[in-house]
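K.L.:
This structure is in structure tokens; I'll ask about it shortly.
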4 protein chains.
Amino acid sequence: MIGYGFMGRAHSNAFHQVNHFFDTPYDLARKVICGRDPKALEAVASQWEWEEKATDWREVVGRQDVDIVDIATPNALHAPIAIAAAKAGKMVWCEKPLATSVAEAEQMTHAVGKVPNLVWFNYRRVPAVAFAKRLITEGKLGEIFHYRATYMNQSGNLGGNPNAWRYHKDEAGSGALGDLFSHVVDLALYLNGPITELSGTTHTFVPGRDVDDAAMAMVRFANGSIGSFEASRYGVGCRNRNMFEIHGSKGRVGFNLEDMNHLEYYDATEPLNLQGNRSILVTGPDQPYSENFWKPGHGIGYEHTFIAVVGDFLNSLARNEPFHPDFRDGLLVQRILDAVEKSGQSGSWVSIS
Amino acid sequence: MIGYGFMGRAHSNAFHQVNHFFDTPYDLARKVICGRDPKALEAVASQWEWEEKATDWREVVGRQDVDIVDIATPNALHAPIAIAAAKAGKMVWCEKPLATSVAEAEQMTHAVGKVPNLVWFNYRRVPAVAFAKRLITEGKLGEIFHYRATYMNQSGNLGGNPNAWRYHKDEAGSGALGDLFSHVVDLALYLNGPITELSGTTHTFVPGRDVDDAAMAMVRFANGSIGSFEASRYGVGCRNRNMFEIHGSKGRVGFNLEDMNHLEYYDATEPLNLQGNRSILVTGPDQPYSENFWKPGHGIGYEHTFIAVVGDFLNSLARNEPFHPDFRDGLLVQRILDAVEKSGQSGSWVSIS
Amino acid sequence: MIGYGFMGRAHSNAFHQVNHFFDTPYDLARKVICGRDPKALEAVASQWEWEEKATDWREVVGRQDVDIVDIATPNALHAPIAIAAAKAGKMVWCEKPLATSVAEAEQMTHAVGKVPNLVWFNYRRVPAVAFAKRLITEGKLGEIFHYRATYMNQSGNLGGNPNAWRYHKDEAGSGALGDLFSHVVDLALYLNGPITELSGTTHTFVPGRDVDDAAMAMVRFANGSIGSFEASRYGVGCRNRNMFEIHGSKGRVGFNLEDMNHLEYYDATEPLNLQGNRSILVTGPDQPYSENFWKPGHGIGYEHTFIAVVGDFLNSLARNEPFHPDFRDGLLVQRILDAVEKSGQSGSWVSIS
Amino acid sequence: MIGYGFMGRAHSNAFHQVNHFFDTPYDLARKVICGRDPKALEAVASQWEWEEKATDWREVVGRQDVDIVDIATPNALHAPIAIAAAKAGKMVWCEKPLATSVAEAEQMTHAVGKVPNLVWFNYRRVPAVAFAKRLITEGKLGEIFHYRATYMNQSGNLGGNPNAWRYHKDEAGSGALGDLFSHVVDLALYLNGPITELSGTTHTFVPGRDVDDAAMAMVRFANGSIGSFEASRYGVGCRNRNMFEIHGSKGRVGFNLEDMNHLEYYDATEPLNLQGNRSILVTGPDQPYSENFWKPGHGIGYEHTFIAVVGDFLNSLARNEPFHPDFRDGLLVQRILDAVEKSGQSGSWVSIS
């Protein structure tokens with residue numbers, strides 16, 4: 001694993017826990033963790049029981065005893081590491097957003113070729129989100145009219161650390177766009193399919209900052225529905241509010257990551273006088289991942305989305321089946337992010353090829 | 001109408017509005033309003049267009065041109081006025097609680113005999129409450145297991161006016177028990193049927209006060225369900241929280257007066273993975289009073305419960321049908337209040353005859 | 001009053017009730033109600049006690065004994081009636097949207113000149129909305145970053161009556177845009193000030209329909225904040241969901257018309273570990289209109305927004321003070337609606353002059 | 001560890017995870033897991049990496065290489081195992097309820113003496129619950145008036161397995177009383193202090209079942225507040241609804257385990273017009289356990305309460321400080337459960353010594 005920050009902890013935990021909750025034929029060895037600051041690295045490596053430490057990712061991706069390279073670095077390093085790892089024949093797992101540009105994402109996608117790979121858009125595996133996907137696939141929402149999503153936090157307003165890589169274009173590529181809006185786009189593509197055109201814009205509240213603080217878009221989907229997306233680091237009152245709602249001819253679903261064990265559902269096929277938005281506790285039975293974690297009624301947390309990513313990936317690998325989201329999915333997201341920026345510059349709608 | 005306080009305003013408004021929302025054969029004349037303080041009386045009479053004012057209720061109940069005597073006075077006056085009015089052959093409408101003792105309530109009930117009468121337990125006519133009743137009657141909740149209700153406000157903690165009649169036993173009869181707990185009991189009897197036994201208690205937080213500040217009871221219903229009731233003027237954080245929830249073998253309903261246009265409903269006959277508490281906006285269509293007030297989606301307020309009481313009463317009168325709640329219902333409530341006090345004194349369960 | 005549909009009822013009720021809740025020097029006579037269908041007109045006139053009926057608005061606006069002409073007709077009639085009434089020196093009250101085009105709205109605004117007038121954007125007078133305005137004015141939200149609003153109902157998906165005037169461009173001017181989106185715009189201008197530019201679009205889900213079913217826009221405000229607006233008749237799961245939320249450097253407010261007695265508020269100046277979105281019951285004390293209606297804790301309904309419009313207008317008139325929203329406000333909304341349509345056609349951002 | 005059912009999994013996970021989230025001087029070896037069914041035991045032992053398996057608990061508690069005996073068996077086995085383990089000088093950890101009778105609980109408490117021990121009332125360590133405790137301790141709620149708690153699930157109504165030990169008095173001791181009501185009591189004692197007297201009752205809906213399906217009590221606390229408790233396996237619509245609310249002179253808190261990352265808080269010291277129940281996301285910063293788990297805004301799940309129990313116990317042990325809840329706390333709960341049963345039989349209030 002390259003990187004040892006917050007994502008490094010979340011990934012390390014998933015590697016530990018996957019076989020406690022998923023029945024897979026693989027046993028992940030936590031071989032080597034790589035980072036630039038030896039002291040901080042030592043602490044993470046010790047806490048999460050990594051066998052070895054390294055400070056140069058180039059050395060790590062070439063090791064014979066490494067099968068998977070997991071990238072949890074600042075965004076600008078995703079492409080060089082992923083491409084090097086792919087060339088060395090490793091499976092590549094990469095944090096989101098996949099890259100800092102469409103060009104990078106295309107090179108990365110080309111580089112991995114048929115080697116199994118994944119992008120850590122972990123929210124696809126929130127049980128409530130996966131259950132929404134199942135309801136849509138089963139036709140429970142009917143023809144889709146509207147998809148609306150926001151991802152708001154208040155990190156910018158809290159001041160944050162202006163030196164953090166997330167606030168610098170050369171390291172992060174973008175601000176809220178890559179950090180938060182990318183999750184909005186990935187879930188939209190997953191749940192509602194391809195986007196055909198959009199009008200978007202980005203905005204920076206702090207003078208002199210070279211990344212965006214907020215991003216918005218109006219979109220048209222291939223399925224005939226329309227949508228609106230918004231993300232911001234200045235969404236005061238929101239701690240981690242990754243929300244979506246989908247209105248279809250037969251129903252509605254709504255989700256909010258701050259209440260991640262619930263899914264709102266409205267069944268428009270019932271008698272009108274009984275219709276209402278219901279709050280479903282998605283901890284089983286007969287719901288995604290309810291066989292994996294605890295008994296019905298017992299909620300899970302943030303970390304379980306990472307465990308489920310690893311569990312599903314390993315089982316896909318064992319069955320030689322495709323896994324999603326992979327680099328191609330990451331590239332599709334990158335194209336939307338790019339279209340938002342281009343549309344913001346031109347002031348016009350942009351078609352998505 | 002005898003009385004001109006907050007209830008006097010709510011009743012006056014209902015008399016004005018009933019024929020705008022209900023199709024009844026009667027037209028209520030606001031003949032005479034009666035109260036002790038001439039100046040305050042003048043203001044209310046003028047604002048609500050009462051034809052005449054009077055300061056002696058004895059004179060009013062004897063007038064030939066009065067058909068209905070509506071009592072909105074402090075509780076201790078309910079009995080003498082109601083009995084005098086009944087003796088004079090008037091229809092009698094009385095604020096809740098019906099009386100300050102079971103003995104009074106029995107005399108009042110006897111006095112009205114077959115003359116049409118009502119007790120203003122207005123919350124039976126919140127559309128969401130009436131809709132809950134309909135769901136129960138239709139069997140949508142199945143066999144009832146639990147009935148749980150609380151009526152909490154924070155008036156006591158806000159200090160209130162210690163001279164107000166509500167804080168004095170001689171005028172009010174009791175404190176939270178008659179004021180709030182009586183509503184809890186009335187709705188329970190309406191929605192869940194007779195109570196067979198209970199263990200109750202009252203409590204006064206303020207030393208020297210001669211009425212209760214809070215009351216609680218555990219109850220057993222004739223239908224085999226068990227229940228818990230609680231009311232308090234020290235429910236900090238509650239403004240007017242008249243809540244109930246009912247759990248049955250086929251579902252659950254929940255209500256909170258602070259959100260009076262909604263009813264919570266859980267349908268336990270659906271597939272388990274889709275079950276959840278739903279919030280139904282009870283503004284129509286095909287819900288109680290949805291033909292009377294505004295279009296679906298347009299909420300009503302506190303005052304409409306009084307309008308609906310009058311509308312339903314007048315239509316019952318025209319059809320010569322029984323109306324509820326009447327003095328007999330008020331007497332049943334009074335017996336429960338009395339049992340709570342007696343149980344509190346004895347420390348034992350009390351049977352309800 | 002010209003018109004006798006749903007709005008005719010809401011207005012009639014307000015005329016009846018205003019002096020019960022507001023202390024004004026005026027007493028509104030319900031002189032004459034005007035409409036095309038004599039039978040339906042008779043029913044409304046009788047139920048709401050109008051003195052006379054008329055079938056030709058031209059005759060009504062010329063009557064000497066009429067001081068105020070209130071327009072509650074389909075949108076296309078707003079301009080001719082308002083202009084004729086203004087020319088006859090009457091005060092003019094007009095339902096929203098003010099007109100079917102900017103040109104009409106400009107003519108109407110010019111016609112009324114200094115004659116007192118109003119546009120029935122009634123939601124400014126929901127107590128919770130007026131309270132949000134007060135918090136903003138007091139600086140409780142600090143610098144505003146985001147304004148997000150949606151007005152969704154499901155009338156289109158329910159089928160509706162395709163012959164209703166609301167679904168025809170010649171009578172309505174537009175669909176969800178004038179019907180719902182106009183409310184969104186009016187509240188945004190009221191709460192967050194002028195809009196400087198926008199990118200918008202409209203969408204029609206039903207082939208052959210000549211009005212929009214949904215409208216969206218991204219906007220920039222003069223105060224430096226950015227916003228997103230959306231309205232739809234295909235918002236399945238929404239009954240009357242007129243929502244907004246505003247994020248500022250010091251706090252957040254949120255509102256939903258389906259729960260109109262509450263305002264959400266987040267105070268970002270408190271210790272971070274105690275911050276949370278709170279639900280304030282806006283029924284007093286010391287909140288807008290809490291002296292007018294019922295005691296704290298006792299909610300109001302849809303109709304009270306109309307009563308408050310009339311109460312405030314009459315008191316403004318008595319004090320010779322300006323009233324809002326007037327035709328100039330209605331014209332500003334019309335310009336935004338027009339810009340949304342133009343932006344949708346051109347695919348580009350549009351500046352608002 | 002003795003036992004390998006649902007609790008066995010939750011405990012095993014905690015042993016694995018404690019050092020990932022807590023900085024303790026101990027490293028727990030998962031030495032031996034003990035159970036009666038060899039096949040089921042093998043599966044659990046393998047999944048959670050226990051070194052050895054055993055089928056006779058008597059042999060395990062005597063092993064020299066075992067320092068801690070963790071009991072996760074049916075309730076009737078708690079006492080014999082705990083007493084034997086204590087006699088062998090082991091630290092003893094025991095699932096709740098501590099015992100099936102007060103007598104057993106007293107013997108167990110006596111047996112452990114000064115040996116470090118704990119009872120797995122894990123909900124004390126939900127961050128939101130611990131935060132409520134902190135607010136109370138800091139005086140944020142002022143003088144306490146009311147404590148109200150319910151623990152409802154619908155397991156009974158779902159049918160369940162009538163052969164499960166939880167439905168049999170000889171193995172479980174009681175039904176909802178020991179299973180659910182015990183949690184209610186433990187949290188009440190933790191948050192609101194000692195109980196001085198109570199009136200309680202239990203109820204069984206299913207004829208022939210020898211354990212209770214539901215339990216209720218009205219209680220008086222030593223601090224002058226009054227309370228109501230209720231627990232049921234027939235709370236249809238509830239999945240795992242462990243709720244409490246506390247009203248004090250300065251505020252209110254509310255909690256629901258189904259939404260375990262949030263705490264409701266009402267601050268009654270603010271201006272009255274801004275008061276409202278707020279929903280605080282208790283994931284940090286400056287909140288219990290926010291340094292241990294993930295970054296603010298990232299929720300935790302059911303399992304983390306067990307991890308925190310172990311983390312806190314080990315740190316208490318290292319610092320030679322008392323840990324709660326221990327067997328004495330478990331005994332206090334047992335006395336309340338006993339009083340509920342006795343009160344139910346006698347129909348009278350019972351004093352708690």
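Convention: chains lettered A, B, ... in structure tokens order; per-chain residue numbering from 1; ligands numbered from 1 as shown.
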Compile a residue-level contact table for range 131-212 of chain A against range 245-250 of chain C at a cut-off of 10 Å, reporting for every qualifying residue the shortest atom pair and its distance in Å to one decimal, with only C-alpha atoms counted, rows ordered by chain and ascending number, as a tab-separated table.
P.N.:
residue	atom	partner	partner_atom	distance
A:Gln154	CA	C:Ser249	CA	9.3
A:Gly156	CA	C:Ser249	CA	9.9
A:Asn157	CA	C:Ser249	CA	6.5
A:Leu158	CA	C:Ser249	CA	9.0
K.L.:
Could you write out the selected residues, including N, CA and C atoms, as a PDB file, in the first residue's frame?
P.N.:
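As a result, again39.pdb now contains:
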ATOM      1  N   GLN A 154     -18.486  20.890   5.639  1.00  0.00           N
ATOM      2  CA  GLN A 154     -18.176  22.270   6.022  1.00  0.00           C
ATOM      3  C   GLN A 154     -16.682  22.449   6.287  1.00  0.00           C
ATOM      4  N   GLY A 156     -14.248  23.520   4.536  1.00  0.00           N
ATOM      5  CA  GLY A 156     -13.686  24.803   4.124  1.00  0.00           C
ATOM      6  C   GLY A 156     -14.010  25.888   5.122  1.00  0.00           C
ATOM      7  N   ASN A 157     -15.249  25.910   5.578  1.00  0.00           N
ATOM      8  CA  ASN A 157     -15.649  26.954   6.516  1.00  0.00           C
ATOM      9  C   ASN A 157     -14.987  26.781   7.876  1.00  0.00           C
ATOM     10  N   LEU A 158     -14.611  25.555   8.196  1.00  0.00           N
ATOM     11  CA  LEU A 158     -13.945  25.323   9.489  1.00  0.00           C
ATOM     12  C   LEU A 158     -12.495  25.792   9.467  1.00  0.00           C
TER      13      LEU A 158
END
K.L.:
Apply DSSP to the backbone of this structure and, from range 117-342 of chain C, keep only the residues in alpha helix (DSSP H); write these as a PyMOL selection string.
P.N.:
chain C and resi 127-137+169-172+176+182-192+303-319+327-342
K.L.:
May I have a table of the residues of chain D lying at most 9 Å from chain A, giving each one's closest pair of atoms and their distance in Å to one decimal, counting only C-alpha atoms, ordered by chain and ascending residue number, as a Markdown table?
P.N.:
| residue | atom | partner | partner_atom | distance |
| --- | --- | --- | --- | --- |
| D:Phe6 | CA | A:Lys295 | CA | 7.9 |
| D:Arg9 | CA | A:Trp294 | CA | 8.9 |
| D:Ala10 | CA | A:Trp294 | CA | 8.4 |
| D:Asn13 | CA | A:His20 | CA | 8.1 |
| D:His16 | CA | A:Gln17 | CA | 8.9 |
| D:Gln17 | CA | A:Asn13 | CA | 8.8 |
| D:Asn19 | CA | A:Gln47 | CA | 7.1 |
| D:His20 | CA | A:Gln47 | CA | 5.7 |
| D:Phe21 | CA | A:Gln47 | CA | 8.4 |
| D:Asp23 | CA | A:Gln47 | CA | 8.8 |
| D:Gln47 | CA | A:His20 | CA | 5.7 |
| D:Trp48 | CA | A:His20 | CA | 6.2 |
| D:Asn153 | CA | A:Gly297 | CA | 8.8 |
| D:Cys238 | CA | A:Gly297 | CA | 8.7 |
| D:Arg239 | CA | A:Gly297 | CA | 5.1 |
| D:Asn240 | CA | A:Gly297 | CA | 5.1 |
| D:Arg241 | CA | A:Gly297 | CA | 8.5 |
| D:Leu257 | CA | A:His298 | CA | 8.7 |
| D:Glu258 | CA | A:Gly297 | CA | 7.1 |
| D:Asp259 | CA | A:Asp259 | CA | 7.1 |
| D:Met260 | CA | A:Gly299 | CA | 8.1 |
| D:Asn261 | CA | A:Asp259 | CA | 8.0 |
| D:His262 | CA | A:Asp259 | CA | 8.7 |
| D:Leu281 | CA | A:Arg239 | CA | 7.8 |
| D:Trp294 | CA | A:Tyr302 | CA | 8.0 |
| D:Lys295 | CA | A:Phe6 | CA | 7.9 |
| D:Pro296 | CA | A:Arg239 | CA | 7.4 |
| D:Gly297 | CA | A:Arg239 | CA | 5.0 |
| D:His298 | CA | A:Tyr302 | CA | 5.6 |
| D:Gly299 | CA | A:Gly301 | CA | 5.0 |
| D:Ile300 | CA | A:Gly301 | CA | 3.9 |
| D:Gly301 | CA | A:Ile300 | CA | 3.9 |
| D:Tyr302 | CA | A:Gly299 | CA | 5.4 |
| D:Glu303 | CA | A:Ile300 | CA | 7.6 |
| D:His304 | CA | A:Gly301 | CA | 8.8 |
K.L.:
Could you pull out the residues in range 106-330 of chain B that DSSP calls strand (DSSP E) from the backbone, as a ChimeraX atom specification?
P.N.:
/B:117-119,144-152,195-203,214-221,226-232,241-248,251-256,262-267,277-281
K.L.:
Keeping only C-alpha atoms, write the selected residues as an mmCIF file, in the first residue's frame.
P.N.:
data_model
loop_
_atom_site.group_PDB
_atom_site.id
_atom_site.type_symbol
_atom_site.label_atom_id
_atom_site.label_comp_id
_atom_site.auth_asym_id
_atom_site.auth_seq_id
_atom_site.Cartn_x
_atom_site.Cartn_y
_atom_site.Cartn_z
ATOM 1 C CA ASN B 117 -74.045 17.418 24.184
ATOM 2 C CA LEU B 118 -70.331 17.277 23.575
ATOM 3 C CA VAL B 119 -67.000 17.474 25.363
ATOM 4 C CA ILE B 144 -52.987 -4.709 19.342
ATOM 5 C CA PHE B 145 -50.044 -5.317 21.682
ATOM 6 C CA HIS B 146 -48.956 -1.906 22.942
ATOM 7 C CA TYR B 147 -50.448 1.550 23.277
ATOM 8 C CA ARG B 148 -48.001 4.219 24.432
ATOM 9 C CA ALA B 149 -48.831 7.886 24.820
ATOM 10 C CA THR B 150 -47.307 11.000 26.285
ATOM 11 C CA TYR B 151 -48.485 14.585 26.417
ATOM 12 C CA MET B 152 -45.586 16.811 27.393
ATOM 13 C CA ILE B 195 -59.221 0.116 30.140
ATOM 14 C CA THR B 196 -59.689 -2.609 32.735
ATOM 15 C CA GLU B 197 -57.048 -1.778 35.334
ATOM 16 C CA LEU B 198 -54.146 0.540 35.954
ATOM 17 C CA SER B 199 -51.326 1.512 38.243
ATOM 18 C CA GLY B 200 -50.785 5.254 38.275
ATOM 19 C CA THR B 201 -49.071 8.047 40.097
ATOM 20 C CA THR B 202 -48.853 11.803 40.092
ATOM 21 C CA HIS B 203 -45.964 14.031 41.010
ATOM 22 C CA ALA B 214 -46.926 15.241 36.039
ATOM 23 C CA ALA B 215 -48.874 12.001 35.908
ATOM 24 C CA MET B 216 -48.053 8.488 34.748
ATOM 25 C CA ALA B 217 -49.868 5.189 34.469
ATOM 26 C CA MET B 218 -49.424 1.641 33.287
ATOM 27 C CA VAL B 219 -52.685 0.228 31.968
ATOM 28 C CA ARG B 220 -54.313 -2.942 30.747
ATOM 29 C CA PHE B 221 -56.938 -2.700 28.026
ATOM 30 C CA ILE B 226 -50.989 -3.094 27.596
ATOM 31 C CA GLY B 227 -50.179 0.577 27.665
ATOM 32 C CA SER B 228 -48.255 3.382 29.266
ATOM 33 C CA PHE B 229 -49.425 6.968 29.631
ATOM 34 C CA GLU B 230 -47.495 10.013 30.749
ATOM 35 C CA ALA B 231 -48.173 13.733 30.912
ATOM 36 C CA SER B 232 -46.142 16.595 32.268
ATOM 37 C CA ARG B 241 -46.157 17.076 22.286
ATOM 38 C CA ASN B 242 -49.299 14.999 22.363
ATOM 39 C CA MET B 243 -47.913 11.713 21.043
ATOM 40 C CA PHE B 244 -49.097 8.190 20.772
ATOM 41 C CA GLU B 245 -47.882 5.025 19.160
ATOM 42 C CA ILE B 246 -49.687 1.743 18.755
ATOM 43 C CA HIS B 247 -48.017 -1.557 17.919
ATOM 44 C CA GLY B 248 -50.161 -4.334 16.526
ATOM 45 C CA GLY B 251 -48.459 -2.720 11.892
ATOM 46 C CA ARG B 252 -47.751 0.397 13.878
ATOM 47 C CA VAL B 253 -49.018 3.967 13.849
ATOM 48 C CA GLY B 254 -47.441 6.994 15.482
ATOM 49 C CA PHE B 255 -48.609 10.564 15.929
ATOM 50 C CA ASN B 256 -47.212 13.799 17.358
ATOM 51 C CA HIS B 262 -48.575 13.661 9.428
ATOM 52 C CA LEU B 263 -49.252 10.118 10.592
ATOM 53 C CA GLU B 264 -46.500 7.548 10.882
ATOM 54 C CA TYR B 265 -47.468 4.106 9.625
ATOM 55 C CA TYR B 266 -45.562 0.838 9.487
ATOM 56 C CA ASP B 267 -47.057 -1.968 7.464
ATOM 57 C CA ASN B 277 -41.997 3.650 9.276
ATOM 58 C CA ARG B 278 -43.528 5.909 6.685
ATOM 59 C CA SER B 279 -44.681 9.465 7.152
ATOM 60 C CA ILE B 280 -48.078 9.994 5.562
ATOM 61 C CA LEU B 281 -49.174 13.566 4.908
#
K.L.:
What lies within 10 Å of Lys87 in chain B using only C-alpha atoms, ignoring chain neighbours under 6 positions off, as a count of residues only?
P.N.:
7
K.L.:
With only C-alpha atoms as the counted atoms, please give the residues lying no more than 7 Å from range 27-41 of chain D, apart from itself and same-chain residues fewer than 3 positions off, as a PDB file with C-alpha atoms, in the first residue's frame.
P.N.:
ATOM      1  CA  MET D   1     -14.200 -17.315  25.551  1.00  0.00           C
ATOM      2  CA  ILE D   2     -17.127 -19.523  26.458  1.00  0.00           C
ATOM      3  CA  GLY D   3     -19.890 -19.267  23.846  1.00  0.00           C
ATOM      4  CA  TYR D   4     -19.784 -18.762  20.088  1.00  0.00           C
ATOM      5  CA  PHE D  15     -10.531  -8.678  20.590  1.00  0.00           C
ATOM      6  CA  VAL D  44     -16.331 -19.552  14.427  1.00  0.00           C
ATOM      7  CA  ALA D  45     -12.877 -20.443  15.667  1.00  0.00           C
ATOM      8  CA  TRP D  50      -8.859 -18.649  17.795  1.00  0.00           C
ATOM      9  CA  GLU D  51      -5.813 -20.726  18.639  1.00  0.00           C
ATOM     10  CA  GLU D  52      -7.675 -23.623  20.231  1.00  0.00           C
ATOM     11  CA  LYS D  53     -11.147 -25.049  20.704  1.00  0.00           C
ATOM     12  CA  ALA D  54     -12.643 -26.733  23.721  1.00  0.00           C
ATOM     13  CA  THR D  55     -16.015 -28.243  24.521  1.00  0.00           C
ATOM     14  CA  ASP D  56     -15.911 -28.270  28.310  1.00  0.00           C
ATOM     15  CA  TRP D  57     -15.878 -24.912  30.017  1.00  0.00           C
TER      16      TRP D  57
END
